[in-house]
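A.B. asks: One structure, as structure tokens, below. Some questions next.
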Amino acid sequence: MSAVVTRFAPSPTGRLHVGNVRTALHNWLLARQAGGRFLLRIDDTDAARSREEYVEAIRADLAWLGIVPDGEERQSARFELYEAEFAKLVASGLVYRCYETAQELDLKRKVLLGRGLPPIYDRAALDLTKADHAARAAAGEAPHWRFLLNRNQPIEWIDGIRGRQHFDAGQMSDPVIRRADGSWLYMLPSVIDDIAMGVTDVLRGEDHVSNTATQVQMFAAFGIDPPAFAHEALLVGSEGKLSKRLGSLGMEDLRAEGIEPEAVLSMLARLGTSQPVEPVLDRDQLAATFQLNTFGRAPARFDEAELARLNAQVVHRLPYAQVAARLPADMDEAGWQAVQPNLPTVAEAADWWAVVKGPIAVPPLEAEDRAFLAVAADTLAAQDWGDSPWQALTGVLKEATARKGKALFLPLRLALTGREHGPDMGALLPLIGRDEALVRLRAAASN
Ligand code: GLU
């Protein structure tokens with residue numbers, strides 16, 4: 001039994017967006033769950049559009065997410081293999097030379113459509129003789145190459161998400177696999193690599209379903225059983241459409257917004273499935289619960305507001321050790337724990353730490369509240385600081401002043417933090433400390 005091998009195969013022509021990352025994550029989870037291997041395959045056969053900076057950005061984004069490939073391959077380093085495998089197809093007559101220009105093909109398509117027929121390539125080039133090819137070559141015309149589909153062979157596979165798939169090869173055009181300049185289109189090198197790398201499972205977006213139909217026959221041409229295929233519904237924006245924003249929303253944008261990798265993973269692992277989207281910090285748990293048969297056929301809606309909410313839930317669970325390097329240098333574990341339950345992002349811990357450390361600005365208060373704060377300062381000065389000074393202080397003030405609820409807590413919070421809302425005062429006050437708290441209460445009382 002061969003172990004599971006999956007791959008993520010981005011073209012380095014841009015940065016990863018959430019849709020690509022979702023595909024990468026799912027392939028990684030699939031391999032990890034089975035104790036298999038997850039490969040990063042850089043599809044850089046298109047030298048003109050591929051850029052090294054994007055290769056590096058892809059690696060960096062995956063590393064940020066903690067998606068660690070078990071190996072990396074680059075198609076640009078594998079041209080010899082493609083050449084050798086292509087030669088086998090030439091020898092068996094399964095690829096053929098064509099010379100039609102884009103305009104000629106367009107015209108053919110229009111004619112067929114005009115007659116109400118499917119716009120399938122008519123295989124005219126199959127009729128060319130040796131002499132025809134020689135004449136073209138003599139005229140300096142290089143051919144492009146098509147793969148010869150087997151029209152008598154129905155194409156079928158059981159898709160891990162879509163179920164039984166059936167395509168009629170008679171209704172499909174022989175795909176162009178190689179351009180006249182010798183460069184490769186995506187289709188054939190991908191099959192050659194999937195075979196050479198022992199890929200057992202191909203999980204990708206449903207925009208590839210018709211490519212799969214063609215590729216199933218390419219595997220057959222090499223005498224190899226195809227891998228297991230699964231195609232997931234695409235990601236759409238919250239308004240239900242394929243959105244521009246989504247197509248360009250990259251990891252660096254999310255990182256800049258304070259989104260944690262765990263939030264991205266938690267969201268993308270479950271979106272579009274029947275499983276709940278919830279904060280899961282443990283990647284093994286995400287892997288263990290990943291199941292293709294929970295995926296729906298409807299597009300998965302990616303809502304940035306939902307990601308922000310999920311992110312807050314993740315932040316509320318992050319242990320100090322994991323965030324310490326991103327906190328103000330003197331913020332200790334108690335400081336983190338005090339402010340953590342209120343944070344939408346880790347970066348905002350620094351704002352609260354600045355409140356703890358001071359100075360703070362307190363808005364002007366009513367005379368009545370100022371008088372109350374003077375009493376609060378005296379009470380605090382007289383009381384034992386103890387383990388829970390906030391509970392002690394408010395307990396005494398409630399008795400002494402008959403204030404309760406907002407009237408009791410809000411002036412104190414304003415005087416001590418300068419803000420109306422924030423972390424639990426019971427956790428904040430010990431961090432502010434006795435002396436500073438007295439200074440703040442007295443200042444607000446005489447403000
Ligand atoms: N480079 C291809 C793409 O990004 C790979 C597709 C595949 O997974 O086979 O669409």
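Every chain in the structure tokens has a letter given in the order shown (A, B, ...), and although residue numbers restart at 1 in each chain, ligands are simply numbered from 1 in the order shown.
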Hey, which residues sit close to ligand 1? Say within 6 Å, counting only C-alpha atoms and all ligand atoms, and write them as a list in words.

C.D. replies: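 These are the residues that qualify: Ala9, Pro10, Ser11, Asp43 and Arg204 of chain A.
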
A.B. asks: Compile the contact shell of Thr394 in chain A as a count of residues only: residues with an atom at most 10 Å away, counting only C-alpha atoms, same-chain residues fewer than 5 positions apart removed.

C.D. replies: 11

A.B. asks: Enumerate, as an NGL selection string, the complete set of residues in range 86-125 of chain A that a backbone-based DSSP assignment places in strand (DSSP E or B).

C.D. replies: :A and (95-98)

A.B. asks: Applying 12 Å and only C-alpha atoms, which residues near Glu52 in chain A remain after dropping the ones on its own chain fewer than 6 positions away? List them as a ChimeraX atom specification.

C.D. replies: /A:11-15,42-44,58-59,74,76

A.B. asks: Rank nothing, just name the residue among A:Gly422, A:Gly223, A:Pro175, A:Pro363 nearest to Asp351 in chain A, using only C-alpha atoms.

C.D. replies: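 Of all the options, A:Gly422 lies closest to Asp351 in chain A.
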
A.B. asks: How would you write, as a ChimeraX atom specification, the set of residues in range 277-354 of chain A that DSSP gives as helix (DSSP H, G or I)?

C.D. replies: /A:283-289,292-294,304-315,320-326,333-342,346-354

A.B. asks: Could you name the residues that touch range 129-143 of chain A at 12 Å or less, counting only C-alpha atoms, but leaving out those on the same chain fewer than 2 positions away, as a short mmCIF file (atom, residue, chain, number, x, y, z; two decimals) with all heavy atoms, in the first residue's frame?

C.D. replies:
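Output file part32.cif follows:
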```cif
data_model
loop_
_atom_site.label_atom_id
_atom_site.label_comp_id
_atom_site.auth_asym_id
_atom_site.auth_seq_id
_atom_site.Cartn_x
_atom_site.Cartn_y
_atom_site.Cartn_z
N VAL A 95 0.10 12.30 -29.41
CA VAL A 95 0.12 13.76 -29.54
C VAL A 95 0.36 14.07 -31.02
O VAL A 95 0.97 13.26 -31.73
CB VAL A 95 1.23 14.42 -28.67
CG1 VAL A 95 0.89 14.31 -27.20
CG2 VAL A 95 2.59 13.82 -28.94
N TYR A 96 -0.15 15.18 -31.49
CA TYR A 96 0.02 15.49 -32.91
C TYR A 96 0.23 16.97 -33.15
O TYR A 96 -0.14 17.81 -32.34
CB TYR A 96 -1.14 14.94 -33.73
CG TYR A 96 -2.52 15.48 -33.40
CD1 TYR A 96 -3.08 16.52 -34.15
CD2 TYR A 96 -3.27 14.95 -32.36
CE1 TYR A 96 -4.34 17.01 -33.88
CE2 TYR A 96 -4.53 15.44 -32.06
CZ TYR A 96 -5.07 16.47 -32.82
OH TYR A 96 -6.32 16.95 -32.54
N ARG A 97 0.86 17.24 -34.28
CA ARG A 97 1.27 18.61 -34.62
C ARG A 97 0.13 19.38 -35.32
O ARG A 97 -0.54 18.81 -36.19
CB ARG A 97 2.47 18.57 -35.57
CG ARG A 97 3.75 18.15 -34.90
CD ARG A 97 4.83 17.85 -35.89
NE ARG A 97 4.60 16.55 -36.55
CZ ARG A 97 5.43 16.02 -37.45
NH1 ARG A 97 6.52 16.68 -37.83
NH2 ARG A 97 5.18 14.85 -37.99
N CYS A 98 -0.03 20.61 -34.94
CA CYS A 98 -1.06 21.47 -35.54
C CYS A 98 -0.45 22.83 -35.88
O CYS A 98 0.55 23.24 -35.28
CB CYS A 98 -2.20 21.72 -34.55
SG CYS A 98 -2.97 20.23 -33.91
N TYR A 99 -1.08 23.53 -36.82
CA TYR A 99 -0.53 24.82 -37.27
C TYR A 99 -1.55 25.95 -37.27
O TYR A 99 -1.23 27.08 -37.63
CB TYR A 99 0.06 24.68 -38.67
CG TYR A 99 1.15 23.62 -38.76
CD1 TYR A 99 0.83 22.29 -39.05
CD2 TYR A 99 2.48 23.96 -38.51
CE1 TYR A 99 1.81 21.32 -39.10
CE2 TYR A 99 3.48 22.98 -38.57
CZ TYR A 99 3.13 21.66 -38.87
OH TYR A 99 4.10 20.71 -38.90
N GLU A 100 -2.79 25.63 -36.90
CA GLU A 100 -3.82 26.68 -36.98
C GLU A 100 -3.44 27.89 -36.11
O GLU A 100 -2.94 27.73 -35.00
CB GLU A 100 -5.18 26.17 -36.50
CG GLU A 100 -5.84 25.17 -37.43
CD GLU A 100 -5.51 23.72 -37.07
OE1 GLU A 100 -4.56 23.51 -36.28
OE2 GLU A 100 -6.19 22.83 -37.58
N THR A 101 -3.71 29.05 -36.65
CA THR A 101 -3.51 30.27 -35.84
C THR A 101 -4.73 30.47 -34.94
O THR A 101 -5.78 29.84 -35.16
CB THR A 101 -3.39 31.51 -36.75
OG1 THR A 101 -4.63 31.67 -37.44
CG2 THR A 101 -2.25 31.36 -37.75
N ALA A 124 -8.40 18.62 -37.98
CA ALA A 124 -7.95 18.74 -39.37
C ALA A 124 -6.47 18.41 -39.50
O ALA A 124 -6.03 17.82 -40.50
CB ALA A 124 -8.22 20.16 -39.88
N ALA A 125 -5.69 18.75 -38.47
CA ALA A 125 -4.24 18.55 -38.56
C ALA A 125 -3.85 17.07 -38.63
O ALA A 125 -2.75 16.73 -39.07
CB ALA A 125 -3.54 19.23 -37.37
N LEU A 126 -4.77 16.21 -38.20
CA LEU A 126 -4.46 14.76 -38.27
C LEU A 126 -4.33 14.30 -39.72
O LEU A 126 -3.69 13.28 -39.99
CB LEU A 126 -5.56 13.95 -37.58
CG LEU A 126 -5.48 13.82 -36.06
CD1 LEU A 126 -6.63 12.96 -35.55
CD2 LEU A 126 -4.14 13.22 -35.63
N ASP A 127 -4.93 15.07 -40.62
CA ASP A 127 -4.88 14.67 -42.04
C ASP A 127 -3.62 15.13 -42.76
O ASP A 127 -3.42 14.81 -43.93
CB ASP A 127 -6.11 15.25 -42.79
CG ASP A 127 -7.40 14.71 -42.22
OD1 ASP A 127 -7.39 13.58 -41.67
OD2 ASP A 127 -8.42 15.44 -42.28
N TRP A 145 1.31 21.45 -30.32
CA TRP A 145 0.94 20.04 -30.18
C TRP A 145 -0.35 19.86 -29.41
O TRP A 145 -0.59 20.56 -28.42
CB TRP A 145 2.05 19.27 -29.44
CG TRP A 145 3.34 19.21 -30.19
CD1 TRP A 145 4.28 20.18 -30.29
CD2 TRP A 145 3.82 18.09 -30.95
NE1 TRP A 145 5.33 19.75 -31.07
CE2 TRP A 145 5.08 18.47 -31.47
CE3 TRP A 145 3.32 16.80 -31.23
CZ2 TRP A 145 5.85 17.61 -32.26
CZ3 TRP A 145 4.08 15.94 -32.00
CH2 TRP A 145 5.32 16.34 -32.52
N ARG A 146 -1.14 18.91 -29.89
CA ARG A 146 -2.37 18.55 -29.17
C ARG A 146 -2.29 17.10 -28.71
O ARG A 146 -1.64 16.26 -29.33
CB ARG A 146 -3.61 18.70 -30.06
CG ARG A 146 -4.01 20.14 -30.32
CD ARG A 146 -5.31 20.17 -31.12
NE ARG A 146 -5.61 21.53 -31.58
CZ ARG A 146 -6.48 22.34 -30.97
NH1 ARG A 146 -7.12 21.96 -29.88
NH2 ARG A 146 -6.71 23.54 -31.46
N VAL A 176 -4.51 21.53 -26.43
CA VAL A 176 -3.14 21.93 -26.79
C VAL A 176 -2.28 21.73 -25.54
O VAL A 176 -2.64 22.17 -24.45
CB VAL A 176 -3.09 23.41 -27.23
CG1 VAL A 176 -1.65 23.85 -27.49
CG2 VAL A 176 -3.96 23.62 -28.46
N ILE A 177 -1.19 21.01 -25.70
CA ILE A 177 -0.34 20.75 -24.55
C ILE A 177 1.02 21.44 -24.64
O ILE A 177 1.72 21.59 -23.65
CB ILE A 177 -0.10 19.24 -24.37
CG1 ILE A 177 0.40 18.65 -25.69
CG2 ILE A 177 -1.36 18.54 -23.91
CD1 ILE A 177 1.12 17.35 -25.49
N ARG A 178 1.37 21.84 -25.87
CA ARG A 178 2.67 22.47 -26.06
C ARG A 178 2.55 23.55 -27.12
O ARG A 178 1.94 23.31 -28.17
CB ARG A 178 3.66 21.40 -26.50
CG ARG A 178 5.08 21.80 -26.30
CD ARG A 178 6.05 20.67 -26.45
NE ARG A 178 7.34 21.13 -25.98
CZ ARG A 178 8.45 20.45 -26.00
NH1 ARG A 178 8.44 19.20 -26.46
NH2 ARG A 178 9.56 20.96 -25.56
N ARG A 179 3.15 24.69 -26.84
CA ARG A 179 3.07 25.81 -27.78
C ARG A 179 4.12 25.67 -28.87
O ARG A 179 5.06 24.87 -28.75
CB ARG A 179 3.27 27.13 -27.06
CG ARG A 179 2.24 27.41 -25.98
CD ARG A 179 2.46 28.78 -25.36
NE ARG A 179 1.65 28.95 -24.16
CZ ARG A 179 2.04 28.63 -22.94
NH1 ARG A 179 3.26 28.14 -22.74
NH2 ARG A 179 1.24 28.80 -21.92
N ALA A 180 3.96 26.48 -29.91
CA ALA A 180 4.89 26.43 -31.05
C ALA A 180 6.32 26.78 -30.63
O ALA A 180 7.28 26.33 -31.25
CB ALA A 180 4.40 27.36 -32.15
N ASP A 181 6.46 27.56 -29.58
CA ASP A 181 7.82 27.91 -29.14
C ASP A 181 8.42 26.82 -28.24
O ASP A 181 9.49 26.98 -27.68
CB ASP A 181 7.82 29.26 -28.42
CG ASP A 181 7.02 29.23 -27.12
OD1 ASP A 181 6.49 28.15 -26.75
OD2 ASP A 181 6.90 30.29 -26.46
N GLY A 182 7.70 25.70 -28.10
CA GLY A 182 8.21 24.57 -27.31
C GLY A 182 7.81 24.61 -25.85
O GLY A 182 8.01 23.65 -25.11
N SER A 183 7.22 25.72 -25.40
CA SER A 183 6.85 25.82 -23.98
C SER A 183 5.62 24.95 -23.68
O SER A 183 4.82 24.65 -24.56
CB SER A 183 6.61 27.28 -23.60
OG SER A 183 5.49 27.79 -24.29
#
```

A.B. asks: Residues of range 312-354 of chain A that approach range 423-430 of chain A to 6 Å or less, counting only C-alpha atoms: could you list each one with the shortest pair of atoms and its distance in Å to one decimal, rows by chain and increasing residue number, as JSON lines?

C.D. replies:
```
{"residue": "A:Ala338", "atom": "CA", "partner": "A:Ala427", "partner_atom": "CA", "distance": 5.0}
{"residue": "A:Val339", "atom": "CA", "partner": "A:Pro423", "partner_atom": "CA", "distance": 5.4}
{"residue": "A:Asn342", "atom": "CA", "partner": "A:Pro423", "partner_atom": "CA", "distance": 5.6}
```

A.B. asks: For Ala221 in chain A, find every residue with an atom within 8 Å (counting only C-alpha atoms), except residues of its own chain fewer than 3 positions away, and show them as an NGL selection string.

C.D. replies: :A and (89 or 94 or 217-218 or 224)

A.B. asks: Keeping all heavy atoms, export the residues of the selection given above as a JSON list (two decimals), in the first residue's frame.

C.D. replies:
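Once everything was written out, this is part_12.json:
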```json
[["chain", "number", "residue", "atom", "x", "y", "z"],
["A", 89, "LEU", "N", 4.83, 9.79, -26.00],
["A", 89, "LEU", "CA", 3.51, 10.05, -26.57],
["A", 89, "LEU", "C", 3.62, 10.30, -28.07],
["A", 89, "LEU", "O", 2.74, 9.89, -28.84],
["A", 89, "LEU", "CB", 2.84, 11.25, -25.89],
["A", 89, "LEU", "CG", 2.55, 11.10, -24.39],
["A", 89, "LEU", "CD1", 1.87, 12.35, -23.86],
["A", 89, "LEU", "CD2", 1.67, 9.88, -24.12],
["A", 94, "LEU", "N", 0.06, 9.64, -29.74],
["A", 94, "LEU", "CA", -0.99, 10.20, -28.89],
["A", 94, "LEU", "C", -0.91, 11.72, -28.77],
["A", 94, "LEU", "O", -1.72, 12.34, -28.10],
["A", 94, "LEU", "CB", -0.95, 9.56, -27.50],
["A", 94, "LEU", "CG", -1.44, 8.11, -27.51],
["A", 94, "LEU", "CD1", -1.25, 7.46, -26.15],
["A", 94, "LEU", "CD2", -2.92, 8.04, -27.92],
["A", 217, "GLN", "N", -7.39, 10.85, -19.17],
["A", 217, "GLN", "CA", -6.93, 10.15, -20.38],
["A", 217, "GLN", "C", -5.41, 10.23, -20.55],
["A", 217, "GLN", "O", -4.81, 9.35, -21.16],
["A", 217, "GLN", "CB", -7.66, 10.67, -21.61],
["A", 217, "GLN", "CG", -9.10, 10.21, -21.65],
["A", 217, "GLN", "CD", -9.61, 9.95, -23.06],
["A", 217, "GLN", "OE1", -9.00, 10.36, -24.05],
["A", 217, "GLN", "NE2", -10.74, 9.27, -23.15],
["A", 218, "MET", "N", -4.81, 11.27, -20.02],
["A", 218, "MET", "CA", -3.35, 11.35, -20.09],
["A", 218, "MET", "C", -2.72, 10.28, -19.19],
["A", 218, "MET", "O", -1.73, 9.65, -19.57],
["A", 218, "MET", "CB", -2.87, 12.74, -19.69],
["A", 218, "MET", "CG", -3.27, 13.81, -20.70],
["A", 218, "MET", "SD", -2.64, 15.42, -20.22],
["A", 218, "MET", "CE", -3.19, 16.40, -21.61],
["A", 224, "ILE", "N", -1.08, 4.42, -16.55],
["A", 224, "ILE", "CA", -1.09, 4.57, -15.09],
["A", 224, "ILE", "C", -2.51, 4.86, -14.61],
["A", 224, "ILE", "O", -3.24, 5.63, -15.24],
["A", 224, "ILE", "CB", -0.18, 5.76, -14.70],
["A", 224, "ILE", "CG1", 1.26, 5.56, -15.17],
["A", 224, "ILE", "CG2", -0.27, 6.05, -13.20],
["A", 224, "ILE", "CD1", 2.09, 4.63, -14.33]]
```

A.B. asks: Nearest to Gln383 in chain A among A:Ala288, A:Val396, A:Val236, A:Val356, with distances taken over only C-alpha atoms: which residue is it?

C.D. replies: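 Among the listed residues, the smallest separation from Gln383 in chain A belongs to A:Val396.
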
A.B. asks: For Gly198 in chain A, list every protein, DNA or RNA residue within 12 Å, evaluated using only C-alpha atoms, and leave out those in the same chain fewer than 4 positions away; present the list as a list in words.

C.D. replies: Met1, Ser2, Ala3, Val4, Val5, Thr6, Arg7, Gly36, Arg37, Phe38, Leu39, Ser190, Val191, Ile192, Asp193, Asp194, Val202, Ile224, Asp225, Pro226, Pro227 and Ala228 of chain A

A.B. asks: Take CA of Val375 in chain A and CA of Leu397 in chain A and report the distance between them in Å, one decimal.

C.D. replies: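 Here the two named atoms are 8.1 Å from each other.
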
A.B. asks: Given only C-alpha atoms as the basis, pick out the residue of A:Ala57, A:Thr401, A:Glu232, A:Arg51 nearest to His208 in chain A.

C.D. replies: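 The closest residue to His208 in chain A is A:Glu232.
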
A.B. asks: Any idea what's packed within 10 Å of range 370-372 of chain A, counting only C-alpha atoms, ignoring anything in its chain fewer than 5 positions away? Could you give it as a list of chain:residue names?

C.D. replies: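 The neighbour list is A:Pro364, A:Leu365, A:Ala377, A:Leu397, A:Thr401, A:Arg403, A:Ala407, A:Leu408, A:Pro411, A:Leu412, A:Ala415, A:Leu441, A:Arg442, A:Ala443, A:Ala444, A:Ala445, A:Ser446, A:Asn447.
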
A.B. asks: Which of these, A:Ser50, A:Leu105, A:Asn150, A:Thr45, has the shortest distance to Phe79 in chain A once you count only C-alpha atoms?

C.D. replies: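 When distances to Phe79 in chain A are compared using only C-alpha atoms, the smallest one comes from A:Thr45.
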
A.B. asks: Rounded to one decimal in Å, what is the spacing between CA of Glu304 in chain A and CA of Glu257 in chain A?

C.D. replies: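 These two atoms are separated by 10.8 Å.
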
A.B. asks: Would you work out the distance separating CA of Ala347 in chain A from CA of Pro359 in chain A, expressed in Å to one decimal?

C.D. replies: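 Distance between the two atoms: 19.3 Å.
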